[in-house]
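Undergrad: One structure, as structure tokens, below. Some questions next.
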Amino acid sequence: MTSVVAQQFDLPPELWSQIFAHLKPQQLLRIRLVCHRWKAIADRERSLWTRLRIKFTDEVVTLDENFRPFIAPAAEVQLEAVRIVTVDSWWPTHLTCVRMRGCHVSLESFLGMLRRTPNLTQLGLLFVEFASGGNGGVVDFRLERLESLELIQYSDDLLDLFGRLCPRLRELSLEDDGEHDRATARLIESVQDTLQRLKLWMTPYVLQKMSLMERLQLKSVELTDLQEDEYALSLSRFQPSLEELLVTIRRNSVLCEIGTNLPGLKRLTVGLVDEDGLDFLATMPLLEELNIGGGQEALNFNGFHCPNLTALTLDGVELVASSLRSISSKLKELKFEKCAMDSWSDLLAVLAAQSSLLHLDLWFVQFENRAIPAVSPPPQTNLQYLRIYPATPFTNKMLLHLAEMTPHLETLALTSMPRVGDATVRKLCRQLPRLARLTLDFCSVTAACARDVVNRHRALEHVQVRAKSQSKFQEIRRFPS
């Protein structure tokens, strides 16, 4: 009998690889324990083990010559709050991503770790404490493939070290208060031929040095300081290649000039728009993603059209919701976070007018008037994803009316809606024939109801339920893990 079963499952390795490709990382780890053959297949296929991540997090753990962890092939390792003495005996040499947070390590050991990971493409050092100063001895290698570097809390010596180690950086994130501006400028200059994305606390010195770098052609800049108007404006004058800008700008006039200086701008995040309106939108015809946070009362998009806009996020604004009806004919993603609107019916009218809209987020949104429009049948939308976290009472009637308008919905996530119980969930599932994923966080739905709707509704594959007394979700799947 055993030989017959073995023959039935004696598939070629390439077929097992295709089967394993559908497993989650935790499942991949488990199948490695089944037999030597499966372990060999999983470890050999790069497309499989690159999805795995190793994580060490414990303030009392010391990584030294006596440390012998269980290590599966993985592309990423995360080290949090650990003391590192040496990792020479077990450090994975095939890593492509390393992230360290709150760790304590000598510079010599750290360089040894990097020397053994020639394929490293991403490195993050967040609040890492180095036990010794200097350059850690002779640096006889370079990280030729490193493309992304993120640093929080660092020294001039560390910045100069990476200037020598990383000749081909494409993304650089430096979060500090500008104290290391000279070393920052040297690092940016050393990678100006390849650098495309930059996040930093800008200073006049760094800005002046960047303006002299003839080969610097940035695609994305995020400024984290509080005096961004003039910095962003200056950047737009000598970096016309910018396509993405994340800043806190308070003056519409500055944004208008920036739009004129950056003809290829596609993604913009601004913190606060003053009372002189949204005129800057007329200077950014290629804009695809827009994020506005904070700002004027009754933000009004009437009269403005962004022909290429596909994603819009509004955070902490009062909004004339009806003004979004004609903002773009290509809008696919709409997010409202901590916003206020006059009426629920205004939002529904916007959804009905935006036929391209697929993704809607309502996160702490307040409606002055929650009356449901008396339209039967209600207009239908093409929404596929909906997430609701209400700030004011969100009635089941509102939810079910919205479900009538979204027959194509595939993913629904509801958070902190105690009025949503078993009866409402059953109605939702009947009204949403394509619903495949349902998340109910802090609602009043029983696990028995969740199992029942998964069994009854063919399209529904996955339900997550968590009550207020639970710290983790209970998952119900049509196809068990």
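Residue names in the structure tokens use chain letters A, B, ... in the order shown, residue numbers from 1 in each chain, and ligand numbers from 1 in the order shown.
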As an MDAnalysis selection string, which residues of segment 428-466 of chain A does DSSP assign to alpha helix (DSSP H)?

TA: chainID A and resid 428:431 447:456

Undergrad: Expressed in Å to a single decimal, how great is the separation between atom CA of Pro379 of chain A and atom CA of Leu362 of chain A?

TA: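 Between atom CA of Pro379 of chain A and atom CA of Leu362 of chain A the gap works out to 19.4 Å.
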
Undergrad: Could you list, as a ChimeraX atom specification, every residue within 10 Å of segment 229-246 of chain A, counting only C-alpha atoms and ignoring same-chain residues fewer than 3 positions away?

TA: /A:196-199,202-204,207-208,210-214,216-226,249-251,254-271,286-291

Undergrad: Okay, now the selection with C-alpha atoms, as an mmCIF file, in the first residue's frame?

TA:
```cif
data_model
loop_
_atom_site.group_PDB
_atom_site.id
_atom_site.type_symbol
_atom_site.label_atom_id
_atom_site.label_comp_id
_atom_site.auth_asym_id
_atom_site.auth_seq_id
_atom_site.Cartn_x
_atom_site.Cartn_y
_atom_site.Cartn_z
ATOM 1 C CA GLN A 196 16.207 58.147 -7.951
ATOM 2 C CA ARG A 197 14.283 58.231 -4.651
ATOM 3 C CA LEU A 198 15.322 60.392 -1.693
ATOM 4 C CA LYS A 199 13.806 60.957 1.752
ATOM 5 C CA MET A 202 16.574 69.044 4.166
ATOM 6 C CA THR A 203 18.997 71.802 5.189
ATOM 7 C CA PRO A 204 20.250 74.835 3.236
ATOM 8 C CA LEU A 207 20.100 71.860 -0.848
ATOM 9 C CA GLN A 208 22.961 74.032 -2.110
ATOM 10 C CA MET A 210 22.515 69.111 -4.475
ATOM 11 C CA SER A 211 21.964 72.049 -6.830
ATOM 12 C CA LEU A 212 25.589 71.627 -7.992
ATOM 13 C CA MET A 213 25.319 67.884 -8.734
ATOM 14 C CA GLU A 214 25.041 67.837 -12.502
ATOM 15 C CA LEU A 216 21.620 63.949 -10.143
ATOM 16 C CA GLN A 217 18.217 63.170 -11.691
ATOM 17 C CA LEU A 218 15.728 62.320 -8.961
ATOM 18 C CA LYS A 219 12.317 60.786 -9.581
ATOM 19 C CA SER A 220 10.932 61.012 -6.021
ATOM 20 C CA VAL A 221 11.600 63.265 -3.001
ATOM 21 C CA GLU A 222 10.058 63.180 0.479
ATOM 22 C CA LEU A 223 10.929 66.010 2.863
ATOM 23 C CA THR A 224 10.438 65.374 6.582
ATOM 24 C CA ASP A 225 11.297 68.800 8.088
ATOM 25 C CA LEU A 226 8.884 71.632 8.872
ATOM 26 C CA ILE A 249 3.250 72.857 1.774
ATOM 27 C CA ARG A 250 0.868 75.504 3.038
ATOM 28 C CA ARG A 251 0.646 77.873 0.091
ATOM 29 C CA VAL A 254 4.049 77.612 -4.164
ATOM 30 C CA LEU A 255 2.311 74.495 -5.439
ATOM 31 C CA CYS A 256 1.372 76.296 -8.647
ATOM 32 C CA GLU A 257 5.008 77.186 -9.342
ATOM 33 C CA ILE A 258 6.126 73.664 -8.459
ATOM 34 C CA GLY A 259 3.591 72.265 -10.934
ATOM 35 C CA THR A 260 4.960 74.563 -13.626
ATOM 36 C CA ASN A 261 8.551 73.527 -12.846
ATOM 37 C CA LEU A 262 7.770 69.790 -12.825
ATOM 38 C CA PRO A 263 5.998 68.968 -16.093
ATOM 39 C CA GLY A 264 6.212 65.227 -15.439
ATOM 40 C CA LEU A 265 4.796 65.244 -11.876
ATOM 41 C CA LYS A 266 2.613 62.158 -11.364
ATOM 42 C CA ARG A 267 2.341 61.701 -7.587
ATOM 43 C CA LEU A 268 1.859 64.466 -5.026
ATOM 44 C CA THR A 269 1.337 64.382 -1.257
ATOM 45 C CA VAL A 270 0.737 67.744 0.413
ATOM 46 C CA GLY A 271 0.066 68.426 4.058
ATOM 47 C CA LEU A 286 -0.153 64.326 -15.621
ATOM 48 C CA LEU A 287 -1.037 63.850 -11.945
ATOM 49 C CA GLU A 288 -1.986 60.210 -11.246
ATOM 50 C CA GLU A 289 -1.975 60.052 -7.431
ATOM 51 C CA LEU A 290 -2.957 62.885 -5.073
ATOM 52 C CA ASN A 291 -2.939 62.894 -1.277
#
```

Undergrad: Going by DSSP on the backbone, which residues of segment 215-309 of chain A come out as strand (DSSP E)? List them as a PDB file with N, CA and C atoms, in the first residue's frame.

TA:
```pdb
ATOM      1  N   SER A 220      11.810  60.865  -7.171  1.00  0.00           N
ATOM      2  CA  SER A 220      10.932  61.012  -6.021  1.00  0.00           C
ATOM      3  C   SER A 220      11.682  61.654  -4.867  1.00  0.00           C
ATOM      4  N   VAL A 221      11.027  62.606  -4.179  1.00  0.00           N
ATOM      5  CA  VAL A 221      11.600  63.265  -3.001  1.00  0.00           C
ATOM      6  C   VAL A 221      10.530  63.367  -1.930  1.00  0.00           C
ATOM      7  N   GLU A 222      10.912  62.977  -0.695  1.00  0.00           N
ATOM      8  CA  GLU A 222      10.058  63.180   0.479  1.00  0.00           C
ATOM      9  C   GLU A 222      10.841  63.991   1.495  1.00  0.00           C
ATOM     10  N   LEU A 223      10.286  65.131   1.890  1.00  0.00           N
ATOM     11  CA  LEU A 223      10.929  66.010   2.863  1.00  0.00           C
ATOM     12  C   LEU A 223      10.232  65.854   4.206  1.00  0.00           C
ATOM     13  N   GLU A 244       7.476  62.436  -8.345  1.00  0.00           N
ATOM     14  CA  GLU A 244       6.767  62.238  -7.083  1.00  0.00           C
ATOM     15  C   GLU A 244       7.316  63.192  -6.041  1.00  0.00           C
ATOM     16  N   LEU A 245       6.412  63.853  -5.297  1.00  0.00           N
ATOM     17  CA  LEU A 245       6.806  64.821  -4.281  1.00  0.00           C
ATOM     18  C   LEU A 245       5.914  64.635  -3.063  1.00  0.00           C
ATOM     19  N   LEU A 246       6.546  64.372  -1.904  1.00  0.00           N
ATOM     20  CA  LEU A 246       5.811  64.217  -0.642  1.00  0.00           C
ATOM     21  C   LEU A 246       6.299  65.294   0.310  1.00  0.00           C
ATOM     22  N   ARG A 267       2.816  62.027  -8.925  1.00  0.00           N
ATOM     23  CA  ARG A 267       2.341  61.701  -7.587  1.00  0.00           C
ATOM     24  C   ARG A 267       2.691  62.833  -6.632  1.00  0.00           C
ATOM     25  N   LEU A 268       1.678  63.325  -5.919  1.00  0.00           N
ATOM     26  CA  LEU A 268       1.859  64.466  -5.026  1.00  0.00           C
ATOM     27  C   LEU A 268       1.165  64.210  -3.699  1.00  0.00           C
ATOM     28  N   THR A 269       1.908  64.419  -2.606  1.00  0.00           N
ATOM     29  CA  THR A 269       1.337  64.382  -1.257  1.00  0.00           C
ATOM     30  C   THR A 269       1.620  65.722  -0.612  1.00  0.00           C
ATOM     31  N   VAL A 270       0.577  66.441  -0.227  1.00  0.00           N
ATOM     32  CA  VAL A 270       0.737  67.744   0.413  1.00  0.00           C
ATOM     33  C   VAL A 270       0.020  67.725   1.752  1.00  0.00           C
ATOM     34  N   GLU A 289      -1.648  60.319  -8.827  1.00  0.00           N
ATOM     35  CA  GLU A 289      -1.975  60.052  -7.431  1.00  0.00           C
ATOM     36  C   GLU A 289      -1.877  61.350  -6.636  1.00  0.00           C
ATOM     37  N   LEU A 290      -2.907  61.659  -5.860  1.00  0.00           N
ATOM     38  CA  LEU A 290      -2.957  62.885  -5.073  1.00  0.00           C
ATOM     39  C   LEU A 290      -3.397  62.570  -3.657  1.00  0.00           C
ATOM     40  N   ASN A 291      -2.631  63.086  -2.693  1.00  0.00           N
ATOM     41  CA  ASN A 291      -2.939  62.894  -1.277  1.00  0.00           C
ATOM     42  C   ASN A 291      -2.923  64.260  -0.608  1.00  0.00           C
ATOM     43  N   ILE A 292      -4.061  64.699  -0.076  1.00  0.00           N
ATOM     44  CA  ILE A 292      -4.170  65.987   0.608  1.00  0.00           C
ATOM     45  C   ILE A 292      -4.527  65.730   2.062  1.00  0.00           C
ATOM     46  N   GLY A 293      -3.703  66.240   2.971  1.00  0.00           N
ATOM     47  CA  GLY A 293      -3.946  66.058   4.389  1.00  0.00           C
ATOM     48  C   GLY A 293      -4.147  67.375   5.100  1.00  0.00           C
TER      49      GLY A 293
END
```

Undergrad: What is the atom CA of Lys468 of chain A to atom CA of Ala391 of chain A distance in Å?

TA: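 Those two atoms sit 17.1 Å apart.
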
Undergrad: Do a neighbour search on Trp363 of chain A at 9 Å with only C-alpha atoms, toss out local chain neighbours closer than 3 positions, and write the hits as a list in words.

TA: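 Those residues are Lys335, Phe336, Glu337, Lys338, Cys339, Arg387, Ile388, Tyr389, Pro390 and Ala391 of chain A.
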
Undergrad: Mind giving me the straight-line distance from atom CA of Glu189 of chain A to atom CA of Leu120 of chain A in Å, one decimal?

TA: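 Atom CA of Leu120 of chain A lies at a distance of 21.6 Å from atom CA of Glu189 of chain A.
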
Undergrad: For a quick check of understanding, using only C-alpha atoms, which of A:Arg164, A:Arg68, A:His359, A:Arg37 has the smallest distance to His408 of chain A?

TA: A:His359

Undergrad: Measuring atom to atom with only C-alpha atoms, identify which of A:Gly421, A:Asp441, A:Leu412, A:His36 is nearest to Leu460 of chain A.

TA: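 For Leu460 of chain A, the nearest of the given residues is A:Leu412.
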
Undergrad: Need the shell around Ile152 of chain A: protein/DNA/RNA residues with any atom at most 10 Å away, counting only C-alpha atoms. Skip same-chain ones fewer than 4 positions apart. Format as a PDB file with N, CA and C atoms, in the first residue's frame?

TA:
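Ended up saving to result38.pdb:
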```pdb
ATOM      1  N   ARG A 101      16.626  46.765  13.879  1.00  0.00           N
ATOM      2  CA  ARG A 101      15.998  47.824  14.680  1.00  0.00           C
ATOM      3  C   ARG A 101      16.381  47.635  16.150  1.00  0.00           C
ATOM      4  N   GLY A 124      18.139  48.194   6.003  1.00  0.00           N
ATOM      5  CA  GLY A 124      17.530  49.177   6.896  1.00  0.00           C
ATOM      6  C   GLY A 124      18.161  49.101   8.265  1.00  0.00           C
ATOM      7  N   LEU A 125      18.678  50.230   8.765  1.00  0.00           N
ATOM      8  CA  LEU A 125      19.283  50.315  10.096  1.00  0.00           C
ATOM      9  C   LEU A 125      18.523  51.368  10.881  1.00  0.00           C
ATOM     10  N   LEU A 126      17.705  50.938  11.838  1.00  0.00           N
ATOM     11  CA  LEU A 126      16.839  51.836  12.579  1.00  0.00           C
ATOM     12  C   LEU A 126      17.241  51.792  14.050  1.00  0.00           C
ATOM     13  N   PHE A 127      17.808  52.872  14.529  1.00  0.00           N
ATOM     14  CA  PHE A 127      18.218  52.993  15.934  1.00  0.00           C
ATOM     15  C   PHE A 127      19.205  51.890  16.324  1.00  0.00           C
ATOM     16  N   VAL A 128      20.139  51.597  15.443  1.00  0.00           N
ATOM     17  CA  VAL A 128      21.160  50.587  15.716  1.00  0.00           C
ATOM     18  C   VAL A 128      22.328  51.248  16.438  1.00  0.00           C
ATOM     19  N   SER A 173      16.911  56.764   2.265  1.00  0.00           N
ATOM     20  CA  SER A 173      16.038  57.366   3.273  1.00  0.00           C
ATOM     21  C   SER A 173      16.865  57.667   4.511  1.00  0.00           C
ATOM     22  N   LEU A 174      16.972  58.953   4.867  1.00  0.00           N
ATOM     23  CA  LEU A 174      17.742  59.400   6.024  1.00  0.00           C
ATOM     24  C   LEU A 174      16.826  60.201   6.932  1.00  0.00           C
ATOM     25  N   GLU A 175      16.514  59.649   8.116  1.00  0.00           N
ATOM     26  CA  GLU A 175      15.622  60.342   9.047  1.00  0.00           C
ATOM     27  C   GLU A 175      16.434  60.826  10.234  1.00  0.00           C
ATOM     28  N   ASP A 176      16.698  62.124  10.243  1.00  0.00           N
ATOM     29  CA  ASP A 176      17.458  62.762  11.306  1.00  0.00           C
ATOM     30  C   ASP A 176      17.032  64.215  11.349  1.00  0.00           C
TER      31      ASP A 176
END
```

Undergrad: Give me the residues within 6 Å of segment 55-64 of chain A as a PyMOL selection string, counting only C-alpha atoms and dropping any in the same chain fewer than 4 places off.

TA: chain A and resi 77-86

Undergrad: Would you save the residues from that selection as a PDB file, in the first residue's frame, using all heavy atoms?

TA:
```pdb
ATOM      1  N   VAL A  77      15.973  38.922   6.411  1.00  0.00           N
ATOM      2  CA  VAL A  77      16.147  38.694   7.836  1.00  0.00           C
ATOM      3  C   VAL A  77      15.866  39.993   8.577  1.00  0.00           C
ATOM      4  O   VAL A  77      16.263  41.075   8.124  1.00  0.00           O
ATOM      5  CB  VAL A  77      17.564  38.176   8.169  1.00  0.00           C
ATOM      6  CG1 VAL A  77      18.631  39.187   7.835  1.00  0.00           C
ATOM      7  CG2 VAL A  77      17.658  37.765   9.639  1.00  0.00           C
ATOM      8  N   GLN A  78      15.129  39.889   9.685  1.00  0.00           N
ATOM      9  CA  GLN A  78      14.831  41.039  10.534  1.00  0.00           C
ATOM     10  C   GLN A  78      15.395  40.768  11.922  1.00  0.00           C
ATOM     11  O   GLN A  78      15.146  39.710  12.512  1.00  0.00           O
ATOM     12  CB  GLN A  78      13.323  41.283  10.622  1.00  0.00           C
ATOM     13  CG  GLN A  78      12.699  41.750   9.315  1.00  0.00           C
ATOM     14  CD  GLN A  78      11.242  42.135   9.490  1.00  0.00           C
ATOM     15  OE1 GLN A  78      10.718  42.163  10.593  1.00  0.00           O
ATOM     16  NE2 GLN A  78      10.575  42.429   8.395  1.00  0.00           N
ATOM     17  N   LEU A  79      16.143  41.736  12.437  1.00  0.00           N
ATOM     18  CA  LEU A  79      16.741  41.632  13.767  1.00  0.00           C
ATOM     19  C   LEU A  79      16.232  42.794  14.600  1.00  0.00           C
ATOM     20  O   LEU A  79      16.429  43.955  14.226  1.00  0.00           O
ATOM     21  CB  LEU A  79      18.264  41.664  13.671  1.00  0.00           C
ATOM     22  CG  LEU A  79      18.910  40.584  12.799  1.00  0.00           C
ATOM     23  CD1 LEU A  79      20.356  40.922  12.503  1.00  0.00           C
ATOM     24  CD2 LEU A  79      18.812  39.232  13.485  1.00  0.00           C
ATOM     25  N   GLU A  80      15.558  42.498  15.705  1.00  0.00           N
ATOM     26  CA  GLU A  80      14.989  43.547  16.542  1.00  0.00           C
ATOM     27  C   GLU A  80      15.436  43.363  17.990  1.00  0.00           C
ATOM     28  O   GLU A  80      15.220  42.303  18.589  1.00  0.00           O
ATOM     29  CB  GLU A  80      13.457  43.539  16.468  1.00  0.00           C
ATOM     30  CG  GLU A  80      12.906  43.881  15.085  1.00  0.00           C
ATOM     31  CD  GLU A  80      11.399  44.056  15.096  1.00  0.00           C
ATOM     32  OE1 GLU A  80      10.820  44.058  16.204  1.00  0.00           O
ATOM     33  OE2 GLU A  80      10.811  44.176  14.013  1.00  0.00           O
ATOM     34  N   ALA A  81      16.070  44.396  18.526  1.00  0.00           N
ATOM     35  CA  ALA A  81      16.438  44.442  19.953  1.00  0.00           C
ATOM     36  C   ALA A  81      17.292  43.254  20.363  1.00  0.00           C
ATOM     37  O   ALA A  81      17.081  42.660  21.428  1.00  0.00           O
ATOM     38  CB  ALA A  81      15.184  44.528  20.823  1.00  0.00           C
ATOM     39  N   VAL A  82      18.262  42.877  19.537  1.00  0.00           N
ATOM     40  CA  VAL A  82      19.167  41.786  19.889  1.00  0.00           C
ATOM     41  C   VAL A  82      20.598  42.314  19.934  1.00  0.00           C
ATOM     42  O   VAL A  82      20.940  43.295  19.278  1.00  0.00           O
ATOM     43  CB  VAL A  82      19.078  40.609  18.893  1.00  0.00           C
ATOM     44  CG1 VAL A  82      17.699  39.986  18.916  1.00  0.00           C
ATOM     45  CG2 VAL A  82      19.435  41.066  17.488  1.00  0.00           C
ATOM     46  N   ARG A  83      21.426  41.653  20.718  1.00  0.00           N
ATOM     47  CA  ARG A  83      22.848  41.981  20.813  1.00  0.00           C
ATOM     48  C   ARG A  83      23.624  41.018  19.917  1.00  0.00           C
ATOM     49  O   ARG A  83      23.498  39.806  20.042  1.00  0.00           O
ATOM     50  CB  ARG A  83      23.332  41.866  22.256  1.00  0.00           C
ATOM     51  CG  ARG A  83      24.784  42.245  22.460  1.00  0.00           C
ATOM     52  CD  ARG A  83      25.117  42.260  23.954  1.00  0.00           C
ATOM     53  NE  ARG A  83      26.528  42.549  24.158  1.00  0.00           N
ATOM     54  CZ  ARG A  83      27.471  41.614  24.270  1.00  0.00           C
ATOM     55  NH1 ARG A  83      27.124  40.329  24.209  1.00  0.00           N
ATOM     56  NH2 ARG A  83      28.728  41.930  24.455  1.00  0.00           N
ATOM     57  N   ILE A  84      24.400  41.565  19.004  1.00  0.00           N
ATOM     58  CA  ILE A  84      25.089  40.753  18.010  1.00  0.00           C
ATOM     59  C   ILE A  84      26.587  40.785  18.294  1.00  0.00           C
ATOM     60  O   ILE A  84      27.219  41.851  18.273  1.00  0.00           O
ATOM     61  CB  ILE A  84      24.813  41.270  16.580  1.00  0.00           C
ATOM     62  CG1 ILE A  84      23.301  41.307  16.320  1.00  0.00           C
ATOM     63  CG2 ILE A  84      25.511  40.405  15.551  1.00  0.00           C
ATOM     64  CD1 ILE A  84      22.917  42.015  15.046  1.00  0.00           C
ATOM     65  N   VAL A  85      27.140  39.607  18.574  1.00  0.00           N
ATOM     66  CA  VAL A  85      28.584  39.477  18.757  1.00  0.00           C
ATOM     67  C   VAL A  85      29.216  38.960  17.480  1.00  0.00           C
ATOM     68  O   VAL A  85      30.152  39.546  16.940  1.00  0.00           O
ATOM     69  CB  VAL A  85      28.907  38.542  19.936  1.00  0.00           C
ATOM     70  CG1 VAL A  85      30.417  38.339  20.057  1.00  0.00           C
ATOM     71  CG2 VAL A  85      28.338  39.110  21.229  1.00  0.00           C
ATOM     72  N   THR A  86      28.696  37.855  16.981  1.00  0.00           N
ATOM     73  CA  THR A  86      29.141  37.308  15.702  1.00  0.00           C
ATOM     74  C   THR A  86      28.047  36.416  15.143  1.00  0.00           C
ATOM     75  O   THR A  86      27.275  35.814  15.897  1.00  0.00           O
ATOM     76  CB  THR A  86      30.437  36.503  15.849  1.00  0.00           C
ATOM     77  OG1 THR A  86      30.800  35.970  14.569  1.00  0.00           O
ATOM     78  CG2 THR A  86      30.266  35.361  16.831  1.00  0.00           C
TER      79      THR A  86
END
```

Undergrad: Set the distance at 8 Å and use only C-alpha atoms: which residues neighbour Trp91 of chain A once local chain neighbours fewer than 2 positions away are removed? I'd like the list as a PyMOL selection string.

TA: chain A and resi 87-89+93+113+116

Undergrad: Given the choices A:Arg99, A:Arg466, A:Arg182, A:Arg451, which gets closest to Leu151 of chain A if the distance is worked out from only C-alpha atoms?

TA: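 Distance minimum relative to Leu151 of chain A lands on A:Arg99.
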